[in-house]
$ cat final_26.cif   # mmCIF, C-alpha atoms
data_structure
#
loop_
_atom_site.label_atom_id
_atom_site.label_comp_id
_atom_site.auth_asym_id
_atom_site.auth_seq_id
_atom_site.Cartn_x
_atom_site.Cartn_y
_atom_site.Cartn_z
CA MET A 1 157.06 -62.11 181.06
CA THR A 2 160.25 -60.25 181.79
CA HIS A 3 158.87 -56.83 180.99
CA LEU A 4 160.45 -53.89 182.83
CA ILE A 5 158.00 -52.05 185.06
CA LYS A 6 157.85 -48.35 184.40
CA ASN A 7 159.51 -46.07 186.93
CA LEU A 8 156.80 -44.29 188.91
CA ASN A 9 159.08 -42.48 191.36
CA ASN A 10 157.55 -39.09 190.71
CA ARG A 11 153.99 -40.19 191.34
CA ARG A 12 152.30 -40.17 194.72
CA ILE A 13 149.10 -41.67 196.08
CA ILE A 14 147.04 -39.58 198.49
CA PHE A 15 145.08 -41.39 201.20
CA LEU A 16 141.98 -40.33 203.05
CA PRO A 17 141.83 -39.89 206.83
CA LEU A 18 140.96 -42.85 209.06
CA ALA A 19 137.29 -41.91 209.44
CA ALA A 20 136.83 -42.09 205.69
CA ILE A 21 138.65 -45.39 205.59
CA VAL A 22 136.21 -46.93 208.06
CA ILE A 23 133.27 -45.78 205.94
CA LEU A 24 134.83 -47.38 202.87
CA PHE A 25 135.36 -50.69 204.61
CA VAL A 26 131.78 -50.84 205.83
CA TYR A 27 130.41 -50.36 202.31
CA CYS A 28 131.33 -53.78 200.90
CA GLY A 29 133.08 -55.51 203.75
CA LEU A 30 136.59 -56.82 204.12
CA ASN A 31 136.05 -60.44 203.10
CA SER A 32 134.08 -62.60 200.74
CA SER A 33 131.19 -63.43 203.05
CA GLY A 34 127.82 -62.81 201.46
CA TYR A 35 128.75 -63.94 197.92
CA SER A 36 126.68 -67.12 198.02
CA ASN A 37 124.05 -65.51 195.82
CA GLY A 38 126.47 -65.92 192.94
CA ASP A 39 127.05 -62.23 192.34
CA TRP A 40 129.46 -59.54 193.45
CA PRO A 41 128.58 -56.61 195.70
CA THR A 42 128.99 -53.55 193.48
CA GLY A 43 129.66 -49.89 194.07
CA SER A 44 131.20 -46.83 192.53
CA PRO A 45 134.98 -46.36 192.46
CA GLN A 46 134.59 -43.40 194.82
CA SER A 47 132.79 -45.53 197.39
CA GLN A 48 135.97 -47.60 197.77
CA GLY A 49 138.48 -44.76 197.60
CA LEU A 50 139.32 -44.87 193.89
CA ASP A 51 139.54 -41.94 191.50
CA ARG A 52 136.90 -42.47 188.82
CA ALA A 53 138.63 -40.03 186.46
CA MET A 54 141.85 -42.04 186.51
CA LEU A 55 139.99 -45.23 185.67
CA SER A 56 138.06 -43.42 182.94
CA ILE A 57 141.33 -42.36 181.30
CA LEU A 58 142.49 -45.96 181.32
CA ASP A 59 139.12 -47.10 179.96
CA SER A 60 139.43 -44.63 177.07
CA ARG A 61 142.96 -45.74 176.27
CA ILE A 62 141.94 -49.41 176.24
CA GLU A 63 138.95 -48.58 174.04
CA ALA A 64 141.26 -46.74 171.65
CA GLY A 65 143.54 -49.75 171.36
CA ASP A 66 146.54 -48.22 173.10
CA TYR A 67 147.12 -51.54 174.89
CA GLY A 68 146.26 -53.79 172.01
CA GLU A 69 143.32 -56.18 172.06
CA VAL A 70 142.25 -56.00 175.70
CA HIS A 71 138.99 -57.88 176.27
CA SER A 72 138.11 -57.10 179.89
CA LEU A 73 139.13 -55.13 182.95
CA LEU A 74 137.64 -55.67 186.42
CA VAL A 75 138.67 -53.91 189.63
CA ILE A 76 137.57 -55.19 193.05
CA ARG A 77 138.36 -53.23 196.21
CA ASN A 78 137.41 -54.23 199.74
CA GLY A 79 135.39 -57.09 198.25
CA CYS A 80 133.37 -54.70 196.10
CA LEU A 81 133.29 -54.73 192.29
CA VAL A 82 133.83 -51.06 191.45
CA PHE A 83 134.86 -51.20 187.79
CA GLU A 84 133.86 -53.71 185.10
CA ARG A 85 134.34 -53.14 181.39
CA TYR A 86 134.37 -55.46 178.39
CA TYR A 87 135.78 -54.65 175.00
CA ARG A 88 135.81 -55.87 171.39
CA GLY A 89 132.67 -57.99 171.58
CA TYR A 90 133.31 -59.67 174.93
CA ASP A 91 130.85 -59.60 177.83
CA SER A 92 130.50 -60.87 181.38
CA GLU A 93 129.08 -64.24 180.31
CA ARG A 94 131.76 -65.17 177.79
CA ARG A 95 134.49 -67.54 178.93
CA HIS A 96 138.07 -66.67 178.11
CA ARG A 97 141.09 -68.91 177.68
CA LEU A 98 143.35 -68.28 180.68
CA TYR A 99 146.53 -69.85 179.34
CA SER A 100 149.13 -69.90 182.14
CA VAL A 101 146.78 -68.41 184.73
CA THR A 102 145.85 -72.10 184.87
CA LYS A 103 149.15 -72.72 186.67
CA SER A 104 148.12 -70.72 189.75
CA PHE A 105 144.87 -72.69 190.03
CA THR A 106 146.98 -75.85 189.85
CA SER A 107 149.22 -74.62 192.66
CA ALA A 108 146.14 -74.07 194.83
CA LEU A 109 145.12 -77.68 194.20
CA VAL A 110 148.54 -78.92 195.29
CA GLY A 111 148.06 -76.93 198.49
CA ILE A 112 144.66 -78.49 199.10
CA ALA A 113 146.04 -81.99 198.48
CA HIS A 114 148.95 -81.24 200.81
CA GLU A 115 146.54 -80.15 203.55
CA GLN A 116 144.56 -83.36 203.06
CA GLY A 117 147.75 -85.36 203.51
CA VAL A 118 147.64 -87.10 200.13
CA ILE A 119 150.73 -85.09 199.21
CA ASP A 120 152.88 -85.45 202.27
CA ARG A 121 156.06 -83.43 201.69
CA LEU A 122 157.20 -80.73 199.30
CA ASP A 123 160.78 -81.93 199.55
CA ARG A 124 159.84 -85.41 198.30
CA ILE A 125 161.73 -86.50 195.19
CA ILE A 126 159.43 -86.04 192.21
CA PHE A 127 159.99 -89.56 190.86
CA ASP A 128 158.45 -91.00 194.05
CA PHE A 129 155.06 -89.80 192.79
CA PHE A 130 155.22 -91.98 189.67
CA PRO A 131 155.59 -95.68 190.52
CA GLU A 132 154.17 -96.58 187.10
CA TYR A 133 157.49 -95.73 185.44
CA ASP A 134 160.45 -98.05 185.92
CA PHE A 135 162.91 -96.20 183.68
CA TYR A 136 163.78 -92.57 182.90
CA GLU A 137 166.13 -91.20 180.28
CA ASN A 138 169.01 -88.80 181.00
CA MET A 139 169.36 -89.68 184.69
CA SER A 140 172.44 -87.53 185.35
CA GLY A 141 173.33 -83.98 186.36
CA GLY A 142 171.44 -84.13 189.64
CA LYS A 143 168.20 -85.25 188.05
CA ALA A 144 167.56 -87.81 190.80
CA ASP A 145 167.37 -84.91 193.29
CA ILE A 146 164.47 -82.98 191.70
CA THR A 147 161.82 -82.33 194.35
CA LEU A 148 158.18 -81.32 194.20
CA GLU A 149 159.24 -77.91 195.51
CA ASN A 150 161.62 -77.51 192.57
CA ILE A 151 158.68 -78.17 190.25
CA LEU A 152 156.45 -75.65 192.00
CA SER A 153 159.04 -72.86 191.91
CA MET A 154 160.14 -73.48 188.30
CA GLN A 155 163.63 -74.61 189.32
CA MET A 156 163.42 -78.10 187.87
CA GLY A 157 166.76 -77.81 186.07
CA THR A 158 165.75 -79.67 182.90
CA GLU A 159 165.97 -78.50 179.32
CA TRP A 160 162.90 -76.49 178.27
CA ASN A 161 162.37 -73.76 175.68
CA GLU A 162 158.97 -72.28 174.92
CA PHE A 163 159.92 -68.66 174.12
CA ASN A 164 162.49 -68.70 171.32
CA TYR A 165 160.34 -70.33 168.65
CA PRO A 166 156.66 -70.14 167.62
CA PHE A 167 154.40 -72.63 169.37
CA ASP A 168 153.88 -74.51 166.10
CA ASP A 169 157.64 -74.89 165.57
CA SER A 170 159.01 -78.38 166.25
CA ARG A 171 161.87 -76.83 168.24
CA ASN A 172 159.44 -75.37 170.78
CA SER A 173 159.01 -77.51 173.90
CA ILE A 174 155.25 -76.86 173.90
CA TYR A 175 155.00 -78.28 170.39
CA ARG A 176 157.05 -81.30 171.40
CA ILE A 177 155.03 -82.13 174.52
CA ARG A 178 151.80 -81.87 172.53
CA GLN A 179 153.12 -84.48 170.10
CA SER A 180 153.98 -86.83 172.96
CA THR A 181 151.73 -89.73 173.98
CA ASP A 182 152.62 -89.28 177.67
CA TRP A 183 153.07 -85.68 178.77
CA VAL A 184 154.42 -86.46 182.24
CA LYS A 185 156.98 -88.99 181.02
CA PHE A 186 158.07 -86.61 178.26
CA VAL A 187 158.99 -83.94 180.83
CA LEU A 188 160.63 -86.32 183.28
CA ASP A 189 162.80 -87.79 180.49
CA LEU A 190 164.33 -84.44 179.48
CA PRO A 191 168.07 -83.88 180.01
CA MET A 192 169.37 -81.59 182.74
CA VAL A 193 170.94 -78.23 181.96
CA GLU A 194 171.64 -77.16 185.56
CA PRO A 195 171.28 -78.65 189.05
CA PRO A 196 167.71 -78.60 190.40
CA GLY A 197 166.96 -75.65 192.63
CA SER A 198 169.77 -73.53 191.22
CA ARG A 199 167.97 -71.17 188.84
CA PHE A 200 164.52 -70.08 187.69
CA ARG A 201 163.65 -71.46 184.26
CA TYR A 202 160.05 -71.01 183.14
CA ASN A 203 158.75 -74.48 182.30
CA THR A 204 155.14 -75.26 181.44
CA GLY A 205 156.11 -78.92 181.33
CA ALA A 206 156.86 -78.79 185.05
CA THR A 207 153.25 -77.76 185.67
CA MET A 208 152.07 -80.73 183.62
CA VAL A 209 154.00 -82.94 186.03
CA LEU A 210 151.92 -81.41 188.84
CA SER A 211 148.83 -82.71 187.04
CA GLY A 212 150.30 -86.19 187.23
CA VAL A 213 151.12 -85.77 190.92
CA ILE A 214 147.54 -84.73 191.72
CA ARG A 215 146.11 -87.56 189.63
CA ASN A 216 148.29 -90.23 191.21
CA ARG A 217 147.85 -89.08 194.79
CA THR A 218 144.11 -88.28 194.73
CA GLY A 219 142.96 -90.99 192.34
CA ASN A 220 141.22 -88.39 190.16
CA GLN A 221 142.21 -86.30 187.20
CA THR A 222 143.06 -82.76 188.25
CA VAL A 223 139.86 -81.33 186.77
CA GLU A 224 137.77 -83.71 188.89
CA PHE A 225 139.70 -82.87 192.04
CA ALA A 226 139.43 -79.16 191.21
CA ASP A 227 135.69 -79.30 190.65
CA GLU A 228 135.04 -80.80 194.07
CA HIS A 229 137.60 -79.02 196.20
CA LEU A 230 138.19 -75.63 194.54
CA LEU A 231 135.78 -74.57 191.82
CA GLU A 232 132.51 -75.75 193.37
CA PRO A 233 133.30 -74.12 196.75
CA LEU A 234 134.00 -70.89 194.84
CA GLY A 235 130.66 -71.16 193.05
CA ILE A 236 132.37 -71.58 189.67
CA ASP A 237 130.38 -73.96 187.46
CA ASP A 238 130.74 -72.33 184.05
CA TYR A 239 134.24 -73.32 182.97
CA GLU A 240 136.13 -75.62 180.64
CA TRP A 241 139.39 -77.41 181.43
CA GLU A 242 141.05 -79.12 178.49
CA SER A 243 142.92 -82.42 178.64
CA GLY A 244 145.95 -83.79 176.83
CA ALA A 245 147.38 -87.22 176.16
CA GLN A 246 145.98 -90.04 178.32
CA ASN A 247 143.22 -87.66 179.44
CA LEU A 248 145.71 -85.79 181.64
CA THR A 249 144.23 -82.46 182.70
CA ASN A 250 146.13 -79.67 180.96
CA THR A 251 147.40 -77.75 183.99
CA GLY A 252 149.75 -75.64 181.89
CA TRP A 253 147.31 -73.64 179.77
CA GLY A 254 143.99 -75.52 179.56
CA LEU A 255 141.51 -73.55 181.68
CA TRP A 256 138.70 -71.35 180.30
CA MET A 257 136.69 -69.14 182.65
CA ARG A 258 134.68 -65.92 182.90
CA PRO A 259 136.56 -62.87 184.23
CA ARG A 260 134.19 -62.53 187.19
CA ASP A 261 135.08 -66.09 188.20
CA MET A 262 138.77 -65.33 187.80
CA ALA A 263 138.14 -62.53 190.27
CA ARG A 264 136.60 -64.99 192.74
CA PHE A 265 139.86 -66.91 192.77
CA GLY A 266 141.82 -63.70 193.32
CA GLN A 267 139.52 -62.48 196.10
CA MET A 268 139.72 -65.85 197.81
CA PHE A 269 143.52 -65.55 197.89
CA LEU A 270 143.26 -61.97 199.10
CA ASP A 271 141.10 -63.23 201.97
CA GLY A 272 143.60 -65.86 203.05
CA GLY A 273 141.98 -68.75 201.19
CA ARG A 274 138.43 -68.16 202.43
CA TRP A 275 135.31 -67.73 200.32
CA ASP A 276 131.79 -67.24 201.63
CA GLY A 277 132.89 -68.21 205.13
CA VAL A 278 134.60 -71.44 204.00
CA GLN A 279 138.34 -72.12 204.06
CA VAL A 280 138.82 -73.32 200.48
CA VAL A 281 142.62 -73.17 200.22
CA PRO A 282 144.67 -73.54 203.42
CA ALA A 283 145.77 -70.16 204.73
CA GLY A 284 149.30 -71.46 205.13
CA TRP A 285 149.41 -72.42 201.46
CA VAL A 286 148.13 -69.01 200.40
CA GLU A 287 151.04 -67.45 202.28
CA LEU A 288 153.62 -69.99 201.14
CA SER A 289 152.68 -70.13 197.48
CA THR A 290 152.54 -66.36 197.02
CA SER A 291 155.78 -65.63 198.89
CA ASP A 292 159.14 -64.98 197.26
CA HIS A 293 160.96 -68.25 196.52
CA VAL A 294 163.21 -67.30 193.63
CA ARG A 295 164.35 -64.11 191.91
CA VAL A 296 163.56 -63.93 188.20
CA ASN A 297 165.10 -60.53 187.42
CA ASP A 298 165.18 -57.00 188.82
CA GLN A 299 161.40 -56.61 188.47
CA PHE A 300 159.92 -60.04 189.15
CA HIS A 301 160.21 -62.86 191.66
CA TYR A 302 158.34 -66.16 191.70
CA GLY A 303 156.47 -68.21 194.28
CA TYR A 304 154.75 -71.52 193.64
CA GLN A 305 153.25 -70.94 190.18
CA TRP A 306 152.65 -67.26 191.01
CA TRP A 307 154.54 -64.25 189.67
CA LEU A 308 155.44 -61.55 192.19
CA MET A 309 156.45 -57.90 192.02
CA SER A 310 156.83 -55.00 194.41
CA LEU A 311 154.24 -52.29 195.04
CA GLU A 312 155.99 -48.99 194.44
CA ASN A 313 155.15 -45.40 195.38
CA THR A 314 152.42 -46.23 197.88
CA MET A 315 152.51 -43.89 200.81
CA GLY A 316 153.39 -45.57 204.10
CA HIS A 317 154.42 -48.82 202.41
CA SER A 318 157.96 -50.19 202.12
CA PRO A 319 158.15 -52.18 198.87
CA SER A 320 158.78 -55.92 199.09
CA PRO A 321 159.39 -58.36 196.19
CA ASP A 322 156.11 -60.19 196.82
CA ASP A 323 153.73 -57.26 197.38
CA VAL A 324 151.72 -57.95 194.23
CA LYS A 325 150.73 -61.56 193.55
CA ILE A 326 150.12 -62.25 189.85
CA CYS A 327 148.46 -65.06 187.93
CA TRP A 328 149.87 -64.47 184.45
CA GLY A 329 148.86 -66.02 181.15
CA TYR A 330 150.01 -65.72 177.55
CA GLY A 331 148.36 -63.01 175.49
CA GLY A 332 147.42 -60.76 178.42
CA GLN A 333 145.49 -62.87 180.93
CA PHE A 334 145.97 -61.59 184.48
CA ILE A 335 144.76 -61.75 188.06
CA PHE A 336 146.53 -59.22 190.30
CA VAL A 337 146.13 -59.64 194.06
CA ILE A 338 147.36 -56.60 196.01
CA PRO A 339 146.89 -57.16 199.77
CA GLU A 340 148.28 -53.77 200.81
CA LEU A 341 145.49 -52.06 198.87
CA ARG A 342 142.82 -54.73 199.49
CA MET A 343 142.48 -54.96 195.73
CA VAL A 344 142.02 -57.58 193.01
CA VAL A 345 142.38 -56.67 189.33
CA VAL A 346 141.47 -58.97 186.45
CA SER A 347 142.23 -58.40 182.79
CA THR A 348 141.92 -60.62 179.72
CA ALA A 349 143.22 -59.93 176.23
CA GLY A 350 144.12 -61.33 172.84
CA ASN A 351 147.56 -59.78 172.51
CA TYR A 352 149.20 -62.67 170.72
CA GLY A 353 150.79 -60.87 167.78
CA GLY A 354 152.36 -57.43 167.64
CA TYR A 355 151.92 -56.72 171.34
CA SER A 356 153.84 -58.29 174.20
CA GLY A 357 150.87 -59.64 176.13
CA GLU A 358 152.30 -57.86 179.17
CA GLU A 359 150.38 -54.59 178.77
CA ALA A 360 148.47 -54.93 182.07
CA VAL A 361 151.79 -55.02 183.92
CA ASP A 362 152.11 -51.42 182.72
CA PHE A 363 148.58 -50.11 183.06
CA VAL A 364 147.67 -51.60 186.44
CA PRO A 365 150.47 -49.72 188.29
CA GLU A 366 150.14 -46.71 185.97
CA TYR A 367 146.39 -46.21 186.38
CA VAL A 368 144.64 -48.63 188.75
CA VAL A 369 147.12 -48.38 191.63
CA ARG A 370 147.51 -44.65 191.10
CA ALA A 371 143.71 -44.31 191.25
CA VAL A 372 143.79 -45.16 194.96
CA ARG A 373 142.82 -42.13 197.00
CA GLY A 374 141.74 -43.78 200.22
CA ARG A 375 142.39 -46.99 202.08
#
$ encode --input "final_26.cif" --output "structure tokens"
Amino acid sequence: MTHLIKNLNNRRIIFLPLAAIVILFVYCGLNSSGYSNGDWPTGSPQSQGLDRAMLSILDSRIEAGDYGEVHSLLVIRNGCLVFERYYRGYDSERRHRLYSVTKSFTSALVGIAHEQGVIDRLDRIIFDFFPEYDFYENMSGGKADITLENILSMQMGTEWNEFNYPFDDSRNSIYRIRQSTDWVKFVLDLPMVEPPGSRFRYNTGATMVLSGVIRNRTGNQTVEFADEHLLEPLGIDDYEWESGAQNLTNTGWGLWMRPRDMARFGQMFLDGGRWDGVQVVPAGWVELSTSDHVRVNDQFHYGYQWWLMSLENTMGHSPSPDDVKICWGYGGQFIFVIPELRMVVVSTAGNYGGYSGEEAVDFVPEYVVRAVRGR
């Protein structure tokens, strides 16, 4: 997830005049009202200011395997589904494992719980959420100062390593948490390697702690809270959310969903947390969780369980670190939310072996963003 974005400095995007822009906006509308029938408004790429030829080139390259085992690609512009393709035996009705895209859904649930008041403060010490534990190991190195905000922004400061070894290797933190009988306690017992809040360190275990926070403060497992307050309002009823030890909802990688439903989540965030006229996620949380909280490297920043990157080479736009909001999962699962272009892009894949799983980070800027011809 530290892939370097290709330099697109020599590429330009040409926009249509204002009159054409107005026509485009009228075609599908600027928000998600009217989706209560369970389907997406559809149209051609041209109707929403996208170059069909550019998308066709990308389609051919995906079909040819140039980006590995991509399973789907959906492009939504101005609330209109303008491109939808499935590959390698997948179709619109088949659920896909989302892996760490699950984390962004979890962040939204924290925001909902915060708005309801059951989670009162983001600066609250994380141990305050777990009165059931009377002892923690390795309570040194600033561990007593870890806050909920540190958890959300992946700056927990504890030991964690899920990238240097295969997932079935006993040295991998994912393997170790799966062997534990209490996933939350396992994470909270880990030793510190740096003060909390000092550095980004990707940590799926931290997201599992969020599952415990939601459970303890709402009185329901995260999947139950999600079904009532997030998924049902979005009209998502065909999903699976796996659980771990003690029936704890697996908020790190456990969600399965259809790509069209992934797109609902992205469109809802694009529309400030609203779906079908209902405020599902607080607008303030949408802004806060997808804003730049910590720098990862020269290409990526991080919000609250959202990856962020700048939108380059878009005429009239000054790039900012949080232009493109990304839900990002292992193997090539993505939801891109691009407010400047009123666009949501969804892609799923099975790039678990010889490919990086980051291919969409290349082809979305290279082809989908460059396909924009009108705004």
$ atom_distance --input "final_26.cif" --atom1 "atom CA of A:Leu152" --atom2 "atom CA of A:Asp322"
16.2 Å
$ closest_residue --input "final_26.cif" --among "A:Arg295, A:Arg274, A:His114, A:His229" --to "A:Tyr202" --atoms "all atoms listed in the file"
A:Arg295
$ residues_around --input "final_26.cif" --residues "A:Lys103" --least-positions-apart "4" --cutoff "7 Å" --atoms "only C-alpha atoms" --output "MDAnalysis selection string"
chainID A and resid 107 207 251:252 305
$ resolve_selection --input "final_26.cif" --expression "the PyMOL selection byres ((chain A and resi 122-133) around 9)" --output "PyMOL selection string"
chain A and resi 114+119-121+134-136+144-152+185+188+209+212-213+216-217
$ atom_distance --input "final_26.cif" --atom1 "atom CA of A:Leu55" --atom2 "atom CA of A:Ile326"
20.2 Å
$ closest_residue --input "final_26.cif" --among "A:Gln179, A:Ser60, A:Thr106, A:Gln299" --to "A:Pro319" --atoms "only C-alpha atoms"
A:Gln299
$ resolve_selection --input "final_26.cif" --expression "the PyMOL selection byres ((chain A and resi 328) around 9)" --output "PyMOL selection string"
chain A and resi 1+98-104+306-307+326-327+329-330+332-336+358
$ resolve_selection --input "final_26.cif" --expression "the PyMOL selection byres ((chain A and resi 287) around 12)" --output "list in words"
Ala108, Gly111, Phe269, Leu270, Asp271, Gly272, Gly273, Val281, Pro282, Ala283, Gly284, Trp285, Val286, Leu288, Ser289, Thr290, Ser291, Asp292, His293, Gly303, Tyr304, Trp306, Asp322, Asp323, Lys325 and Pro339 of chain A
$ residues_around --input "final_26.cif" --residues "A:Val294" --least-positions-apart "2" --cutoff "8 Å" --atoms "only C-alpha atoms" --output "ChimeraX atom specification"
/A:153,199-200,292,296,301-303
$ residues_around --input "final_26.cif" --residues "A:Ala53" --least-positions-apart "4" --cutoff "12 Å" --atoms "only C-alpha atoms" --output "list of chain:residue names"
A:Ser44, A:Pro45, A:Gln46, A:Ile57, A:Leu58, A:Asp59, A:Ser60, A:Phe83, A:Tyr367, A:Val368, A:Arg370, A:Ala371, A:Val372, A:Arg373
$ write_last_selection --input "final_26.cif" --atoms "C-alpha atoms" --output "short mmCIF file (atom, residue, chain, number, x, y, z; two decimals), in the frame of the given file"
data_model
loop_
_atom_site.label_atom_id
_atom_site.label_comp_id
_atom_site.auth_asym_id
_atom_site.auth_seq_id
_atom_site.Cartn_x
_atom_site.Cartn_y
_atom_site.Cartn_z
CA SER A 44 131.20 -46.83 192.53
CA PRO A 45 134.98 -46.36 192.46
CA GLN A 46 134.59 -43.40 194.82
CA ILE A 57 141.33 -42.36 181.30
CA LEU A 58 142.49 -45.96 181.32
CA ASP A 59 139.12 -47.10 179.96
CA SER A 60 139.43 -44.63 177.07
CA PHE A 83 134.86 -51.20 187.79
CA TYR A 367 146.39 -46.21 186.38
CA VAL A 368 144.64 -48.63 188.75
CA ARG A 370 147.51 -44.65 191.10
CA ALA A 371 143.71 -44.31 191.25
CA VAL A 372 143.79 -45.16 194.96
CA ARG A 373 142.82 -42.13 197.00
#
$ atom_distance --input "final_26.cif" --atom1 "atom CA of A:Arg95" --atom2 "atom CA of A:Asp237"
11.4 Å
$ residues_near_point --input "final_26.cif" --point "(128.3, -58.2, 193.7)" --cutoff "7 Å" --atoms "only C-alpha atoms" --output "short mmCIF file (atom, residue, chain, number, x, y, z; two decimals) with C-alpha atoms, keeping the file's coordinate frame"
data_model
loop_
_atom_site.label_atom_id
_atom_site.label_comp_id
_atom_site.auth_asym_id
_atom_site.auth_seq_id
_atom_site.Cartn_x
_atom_site.Cartn_y
_atom_site.Cartn_z
CA ASP A 39 127.05 -62.23 192.34
CA TRP A 40 129.46 -59.54 193.45
CA PRO A 41 128.58 -56.61 195.70
CA THR A 42 128.99 -53.55 193.48
CA CYS A 80 133.37 -54.70 196.10
CA LEU A 81 133.29 -54.73 192.29
#
$ closest_residue --input "final_26.cif" --among "A:Gly331, A:Gly244, A:Gly197, A:Gly266" --to "A:Thr348" --atoms "all atoms listed in the file"
A:Gly331
$ residues_around --input "final_26.cif" --residues "A:Phe163" --least-positions-apart "4" --cutoff "12 Å" --atoms "all atoms listed in the file" --output "PyMOL selection string"
chain A and resi 1-2+167-169+171-175+201-204+330
$ axis_aligned_box --input "final_26.cif" --around "stretch 288-302 of chain A" --padding-each-side "3 Å" --output "JSON"
{"center_x": 158.9, "center_y": -63.4, "center_z": 194.3, "size_x": 18.6, "size_y": 19.5, "size_z": 19.7}
